[in-house]
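Taking it in order: structure first as structure tokens, then the write-up.
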Amino acid sequence: MFRKAAVTTVSNGSYLQGQADGRLPSMGNSQPAQEGKVVLKRKVTLLRGISIIIGTIIGAGIFISPKGILKNTGSVGMSLIVWTACGILSLFGALCYAELGTCIKKSGGHYTYILEAFGPLPAFVRVWVELLVIRPAATAVISLAFGRYFLEPFFMQCEIPELAIKLTTAAGITLVMVLNSMSVSWSARIQIFLTFCKLVAILIIIVPGVIQLIKGETQHFKNAFAGNDASVLGLPLAFYSGMYAYSGWFYLNFVTEEVENPEKNIPLAICISMVIVTVGYVLTNVAYFTTISAGELLLSQAVAVTFAERLMGSFSLAVPVFVALSCFGSMNGGVFAVSRMFFVASREGHLPEILSMIHVRKHTPLPAVIVLHPLTMIMLFTGDLYSLLNFLSFARWLFIGLVVAGLIYLRYKRPDMPRPFKVPIFIPALFSFTCLFMVALSLYSDPVNTGIGFAITLTGVPAYYLFIVWDKKPKWFRKLLGK
């Protein structure tokens, strides 16, 4: 049913193995790696690269994060500043990843870059915390938004039961896992359709908002910075909500090997996508405030639906449908991309061997997909939406900051490395400092959730020595690991 992907070891002075041109060797163990090799063709054009980034970024964030940002900033004006700042900061991070993607042409994203810059221990901790915390929590957060918006048309006049939301969410998660396990082609086709739905959902909000501005509906922007005083310790949580809404700009780096002319198309795709998304997000929030006051937004459980009910009448039923489809698309794209990280980590020997196996007939990394299902279900039924968001954000931004710090380190460690695209040094310096500063400050802002994330991250160190370094394991233990 499964075959292990054979890997050609290349001794090139780095920790990474495989072929630099993106080719995977034969999946059959009985043949040399040079025979019957599977080639990842470069089919991701500039337009498709833009679609990948925009399609992954626009998900639940723009429909659930406005409440979290406004709550932690205290005013309409400050919340719009945070939305804009998060867009610029995300662009800086994306440009740093563009440089890494054009000089390290390997699959795996964050894991690969940390492995190249800092070695196997931090890379293992990265994939360990991705498996245990980041991906299950991120999928649970997006899926909860999917469940709420999916049920919204059926509960327009009353509160949606939490159990109904979580059961619907569980069904959506299971469907995504099955889809990614059964067919790569269908996953891609559905993702294209869902990306179109995302853009429609955003435009449905922006266009009426612009019309409201033209009519002079600006009362909620008067004294925009008046309101509850925002605590300095609340700003990291506001930035977490904003950065979560923009997160997804790094997923193109998971498919670097398949991008046509990556030296040119990766930076272009990132710049174009981030400008479109930042403008769209800011205009969406402006549209919200043309109709909804700050107090009403904080009380709303579904901001986009509340907005649509005020302006669109019966057509407002279409908004939660489009938002649910948008969230489903982000769930699908995230699972598809991160399963490749687990596949690469298993290929490098940092995860059980079974996770680098491919289904013989369906050609999907089925074990790497299925392993996420039970962990996501645990996250789903043990936390609420915003605690999960803070819980996953600590570990995610800690390692993204570390990746960008690794870019600076590689500038000095390997100055002769070809860099077709190179960003000014102040960009990675500012981005990594901001990420690490937010992570440190969040330990004071939300010590429970971030403390749990920090503790789970630290468990990766003993796990590395137990599973990777310890070479005198009993036979039963080796068999359990697939070695």
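Chains: A, B, ... in order of the structure tokens. Residues: from 1 per chain. Ligands: from 1, in order shown.
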Using only C-alpha atoms, which protein or nucleic acid residues come within 7 Å of Thr376 in chain A? Drop anything in the same chain fewer than 3 positions from it, and give the result as a short mmCIF file (atom, residue, chain, number, x, y, z; two decimals) with all heavy atoms, in the first residue's frame.
data_model
loop_
_atom_site.label_atom_id
_atom_site.label_comp_id
_atom_site.auth_asym_id
_atom_site.auth_seq_id
_atom_site.Cartn_x
_atom_site.Cartn_y
_atom_site.Cartn_z
N PRO A 136 -1.95 21.44 14.56
CA PRO A 136 -3.27 21.08 15.11
C PRO A 136 -4.05 22.30 15.62
O PRO A 136 -5.25 22.41 15.38
CB PRO A 136 -2.92 20.12 16.24
CG PRO A 136 -1.60 19.56 15.87
CD PRO A 136 -0.87 20.66 15.18
N ALA A 137 -3.36 23.23 16.32
CA ALA A 137 -4.06 24.40 16.85
C ALA A 137 -4.51 25.32 15.73
O ALA A 137 -5.63 25.85 15.75
CB ALA A 137 -3.15 25.15 17.82
N THR A 139 -5.19 24.52 12.61
CA THR A 139 -6.31 23.88 11.92
C THR A 139 -7.58 23.98 12.74
O THR A 139 -8.68 24.22 12.22
CB THR A 139 -5.98 22.42 11.61
OG1 THR A 139 -4.77 22.34 10.86
CG2 THR A 139 -7.10 21.76 10.82
N ALA A 140 -7.45 23.82 14.07
CA ALA A 140 -8.62 23.92 14.95
C ALA A 140 -9.21 25.32 14.93
O ALA A 140 -10.43 25.49 14.90
CB ALA A 140 -8.24 23.52 16.37
N LEU A 372 -2.21 14.17 11.65
CA LEU A 372 -2.74 15.43 12.19
C LEU A 372 -4.14 15.29 12.76
O LEU A 372 -4.56 16.11 13.59
CB LEU A 372 -2.76 16.50 11.10
CG LEU A 372 -1.40 17.04 10.63
CD1 LEU A 372 -1.58 17.88 9.38
CD2 LEU A 372 -0.76 17.86 11.73
N HIS A 373 -4.89 14.30 12.33
CA HIS A 373 -6.32 14.23 12.68
C HIS A 373 -6.58 14.11 14.18
O HIS A 373 -7.31 14.93 14.76
CB HIS A 373 -6.99 13.10 11.91
CG HIS A 373 -8.48 13.10 12.02
ND1 HIS A 373 -9.14 12.42 13.01
CD2 HIS A 373 -9.44 13.72 11.29
CE1 HIS A 373 -10.45 12.62 12.88
NE2 HIS A 373 -10.65 13.40 11.83
N MET A 379 -7.15 19.39 20.24
CA MET A 379 -7.14 20.85 20.33
C MET A 379 -8.56 21.41 20.24
O MET A 379 -8.93 22.34 20.97
CB MET A 379 -6.29 21.44 19.20
CG MET A 379 -4.81 21.21 19.35
SD MET A 379 -4.12 22.29 20.60
CE MET A 379 -2.38 21.87 20.44
N LEU A 380 -9.35 20.85 19.34
CA LEU A 380 -10.69 21.36 19.09
C LEU A 380 -11.57 21.31 20.33
O LEU A 380 -12.30 22.25 20.63
CB LEU A 380 -11.33 20.56 17.95
CG LEU A 380 -12.81 20.84 17.65
CD1 LEU A 380 -12.99 22.27 17.18
CD2 LEU A 380 -13.32 19.85 16.61
#
Wanna dump the range 275-326 of chain A-range 239-248 of chain A contacts at 12 Å for me, each residue with its shortest atom pair and the distance in Å to one decimal, counting only C-alpha atoms, ordered by chain and number, as CSV?
residue,atom,partner,partner_atom,distance
A:Val275,CA,A:Tyr246,CA,11.3
A:Ile276,CA,A:Tyr246,CA,11.4
A:Val277,CA,A:Tyr246,CA,7.9
A:Thr278,CA,A:Tyr246,CA,8.2
A:Val279,CA,A:Tyr246,CA,11.7
A:Gly280,CA,A:Tyr246,CA,11.2
A:Tyr281,CA,A:Ala245,CA,8.9
A:Val282,CA,A:Gly242,CA,11.0
A:Asn285,CA,A:Gly242,CA,11.7
Store the residues picked out above in a file with N, CA, C and O atoms, as a JSON list (two decimals), in the first residue's frame.
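The resulting file, part-v5.json, is reproduced below:
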[["chain", "number", "residue", "atom", "x", "y", "z"],
["A", 275, "VAL", "N", 0.68, 43.19, -1.10],
["A", 275, "VAL", "CA", 0.04, 44.48, -1.34],
["A", 275, "VAL", "C", -1.47, 44.32, -1.49],
["A", 275, "VAL", "O", -2.27, 45.06, -0.89],
["A", 276, "ILE", "N", -1.89, 43.33, -2.29],
["A", 276, "ILE", "CA", -3.32, 43.09, -2.50],
["A", 276, "ILE", "C", -4.02, 42.75, -1.18],
["A", 276, "ILE", "O", -5.08, 43.29, -0.85],
["A", 277, "VAL", "N", -3.42, 41.85, -0.41],
["A", 277, "VAL", "CA", -4.04, 41.41, 0.84],
["A", 277, "VAL", "C", -4.09, 42.54, 1.86],
["A", 277, "VAL", "O", -5.12, 42.75, 2.53],
["A", 278, "THR", "N", -2.99, 43.30, 2.00],
["A", 278, "THR", "CA", -2.96, 44.39, 2.98],
["A", 278, "THR", "C", -4.02, 45.44, 2.66],
["A", 278, "THR", "O", -4.78, 45.87, 3.55],
["A", 279, "VAL", "N", -4.09, 45.87, 1.41],
["A", 279, "VAL", "CA", -5.12, 46.85, 1.01],
["A", 279, "VAL", "C", -6.52, 46.28, 1.24],
["A", 279, "VAL", "O", -7.41, 46.95, 1.77],
["A", 280, "GLY", "N", -6.72, 45.02, 0.86],
["A", 280, "GLY", "CA", -8.02, 44.39, 1.04],
["A", 280, "GLY", "C", -8.43, 44.30, 2.50],
["A", 280, "GLY", "O", -9.59, 44.57, 2.86],
["A", 281, "TYR", "N", -7.48, 43.93, 3.38],
["A", 281, "TYR", "CA", -7.79, 43.79, 4.80],
["A", 281, "TYR", "C", -8.13, 45.13, 5.44],
["A", 281, "TYR", "O", -9.08, 45.24, 6.22],
["A", 282, "VAL", "N", -7.33, 46.15, 5.14],
["A", 282, "VAL", "CA", -7.59, 47.47, 5.73],
["A", 282, "VAL", "C", -8.95, 48.00, 5.26],
["A", 282, "VAL", "O", -9.75, 48.53, 6.05],
["A", 285, "ASN", "N", -11.81, 46.26, 7.09],
["A", 285, "ASN", "CA", -12.03, 46.77, 8.44],
["A", 285, "ASN", "C", -12.67, 48.16, 8.42],
["A", 285, "ASN", "O", -13.51, 48.47, 9.26]]
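Every protein or nucleic acid residue with an atom no more than 9 Å from Val439 in chain A, counting only C-alpha atoms and leaving out same-chain residues fewer than 4 positions away, appears here: Pro236, Ser393, Phe394, Ala395, Trp397, Leu398, Thr434, Cys435, Leu443 and Thr450 of chain A.
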Closest of A:Ala345, A:Ile202, A:Ile408, A:Val403 to Lys422 in chain A, counting only C-alpha atoms, is A:Ile408
Exercise for review: Excluding His220 in chain A and any residue of its chain fewer than 6 positions from it, enumerate the residues within 10 Å of it, using only C-alpha atoms, and give them as JSON, numbers by chain.
Suggested key: {"A": [76, 77, 286, 288, 289, 290, 291, 292, 293, 294]}
* Running DSSP on the backbone, which parts of range 110-308 of chain A land in helix (DSSP H, G or I), as number ranges by chain? -> A: 110-118, 120-155, 162-182, 184-214, 219-221, 232-246, 251-258, 262-291, 294-299, 303-308
Discussion item. As a PyMOL selection string, please: the residues near Leu410 in chain A (cut-off 12 Å, only C-alpha atoms, same-chain neighbours under 3 positions excluded).
Written reply: chain A and resi 14+99-100+103-104+113-119+403-407+413-419+425+428
Could you save those same residues with N, CA and C atoms as an mmCIF file, in the first residue's frame?
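Saved file again-v3.cif follows:
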data_model
loop_
_atom_site.group_PDB
_atom_site.id
_atom_site.type_symbol
_atom_site.label_atom_id
_atom_site.label_comp_id
_atom_site.auth_asym_id
_atom_site.auth_seq_id
_atom_site.Cartn_x
_atom_site.Cartn_y
_atom_site.Cartn_z
ATOM 1 N N SER A 14 26.432 20.546 4.118
ATOM 2 C CA SER A 14 25.297 21.029 4.894
ATOM 3 C C SER A 14 24.530 19.824 5.426
ATOM 4 N N GLU A 99 14.151 35.554 -0.013
ATOM 5 C CA GLU A 99 15.594 35.361 -0.140
ATOM 6 C C GLU A 99 15.989 33.929 0.200
ATOM 7 N N LEU A 100 15.434 33.391 1.288
ATOM 8 C CA LEU A 100 15.754 32.018 1.676
ATOM 9 C C LEU A 100 15.298 31.027 0.609
ATOM 10 N N CYS A 103 17.736 31.004 -2.422
ATOM 11 C CA CYS A 103 19.108 30.527 -2.226
ATOM 12 C C CYS A 103 19.154 29.116 -1.638
ATOM 13 N N ILE A 104 18.068 28.659 -0.997
ATOM 14 C CA ILE A 104 17.975 27.277 -0.502
ATOM 15 C C ILE A 104 16.767 26.662 -1.196
ATOM 16 N N TYR A 113 14.957 25.637 6.570
ATOM 17 C CA TYR A 113 15.815 26.803 6.768
ATOM 18 C C TYR A 113 16.520 26.751 8.132
ATOM 19 N N ILE A 114 15.799 26.285 9.154
ATOM 20 C CA ILE A 114 16.438 26.150 10.468
ATOM 21 C C ILE A 114 17.481 25.049 10.434
ATOM 22 N N LEU A 115 17.203 23.976 9.733
ATOM 23 C CA LEU A 115 18.164 22.879 9.601
ATOM 24 C C LEU A 115 19.438 23.356 8.927
ATOM 25 N N GLU A 116 19.288 24.164 7.899
ATOM 26 C CA GLU A 116 20.441 24.661 7.165
ATOM 27 C C GLU A 116 21.245 25.662 7.986
ATOM 28 N N ALA A 117 20.579 26.515 8.751
ATOM 29 C CA ALA A 117 21.271 27.581 9.483
ATOM 30 C C ALA A 117 21.809 27.125 10.832
ATOM 31 N N PHE A 118 21.009 26.362 11.581
ATOM 32 C CA PHE A 118 21.364 26.093 12.972
ATOM 33 C C PHE A 118 21.568 24.618 13.294
ATOM 34 N N GLY A 119 21.307 23.726 12.336
ATOM 35 C CA GLY A 119 21.580 22.321 12.589
ATOM 36 C C GLY A 119 20.356 21.522 13.001
ATOM 37 N N VAL A 403 13.884 31.665 12.158
ATOM 38 C CA VAL A 403 14.220 31.441 10.746
ATOM 39 C C VAL A 403 14.833 32.690 10.135
ATOM 40 N N VAL A 404 14.213 33.848 10.383
ATOM 41 C CA VAL A 404 14.707 35.091 9.801
ATOM 42 C C VAL A 404 16.032 35.496 10.438
ATOM 43 N N ALA A 405 16.204 35.203 11.737
ATOM 44 C CA ALA A 405 17.512 35.423 12.358
ATOM 45 C C ALA A 405 18.563 34.527 11.701
ATOM 46 N N GLY A 406 18.127 33.319 11.272
ATOM 47 C CA GLY A 406 19.033 32.424 10.558
ATOM 48 C C GLY A 406 19.483 32.983 9.226
ATOM 49 N N LEU A 407 18.624 33.788 8.588
ATOM 50 C CA LEU A 407 19.023 34.446 7.342
ATOM 51 C C LEU A 407 20.222 35.362 7.588
ATOM 52 N N LYS A 413 27.859 33.218 7.965
ATOM 53 C CA LYS A 413 28.359 31.846 7.967
ATOM 54 C C LYS A 413 28.713 31.381 6.565
ATOM 55 N N ARG A 414 27.882 31.724 5.574
ATOM 56 C CA ARG A 414 28.085 31.289 4.192
ATOM 57 C C ARG A 414 27.936 32.478 3.254
ATOM 58 N N PRO A 415 28.899 33.386 3.272
ATOM 59 C CA PRO A 415 28.796 34.607 2.446
ATOM 60 C C PRO A 415 28.842 34.323 0.952
ATOM 61 N N ASP A 416 29.398 33.172 0.554
ATOM 62 C CA ASP A 416 29.518 32.853 -0.864
ATOM 63 C C ASP A 416 28.289 32.128 -1.423
ATOM 64 N N MET A 417 27.289 31.877 -0.591
ATOM 65 C CA MET A 417 26.072 31.219 -1.071
ATOM 66 C C MET A 417 25.391 32.090 -2.132
ATOM 67 N N PRO A 418 25.027 31.527 -3.299
ATOM 68 C CA PRO A 418 24.342 32.331 -4.328
ATOM 69 C C PRO A 418 23.028 32.891 -3.787
ATOM 70 N N ARG A 419 22.835 34.179 -3.946
ATOM 71 C CA ARG A 419 21.616 34.845 -3.474
ATOM 72 C C ARG A 419 21.025 35.665 -4.624
ATOM 73 N N ILE A 425 19.675 44.385 4.986
ATOM 74 C CA ILE A 425 19.853 43.690 6.257
ATOM 75 C C ILE A 425 18.910 44.210 7.334
ATOM 76 N N PRO A 428 15.398 41.859 7.715
ATOM 77 C CA PRO A 428 15.381 40.699 8.612
ATOM 78 C C PRO A 428 15.682 41.059 10.059
#
Got a sec: who's within 10 Å of Pro462 in chain A, counting only C-alpha atoms, leaving out chain neighbours fewer than 6 positions off, as a PDB file with N, CA and C atoms, in the first residue's frame?
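Okay, result38.pdb is ready:
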ATOM      1  N   VAL A 125      13.219  20.388  16.956  1.00  0.00           N
ATOM      2  CA  VAL A 125      12.275  21.043  17.874  1.00  0.00           C
ATOM      3  C   VAL A 125      11.194  21.769  17.080  1.00  0.00           C
ATOM      4  N   ILE A 468      16.366  10.655  18.513  1.00  0.00           N
ATOM      5  CA  ILE A 468      17.323  10.846  17.428  1.00  0.00           C
ATOM      6  C   ILE A 468      18.743  10.475  17.846  1.00  0.00           C
ATOM      7  N   VAL A 469      19.217  11.011  18.959  1.00  0.00           N
ATOM      8  CA  VAL A 469      20.621  10.839  19.354  1.00  0.00           C
ATOM      9  C   VAL A 469      20.877   9.472  19.974  1.00  0.00           C
TER      10      VAL A 469
END
- Using only C-alpha atoms, which residues sit within 12 Å of Ile160 in chain A once same-chain residues fewer than 2 positions away are excluded, as an MDAnalysis selection string? chainID A and resid 147:158 162:168 301:302
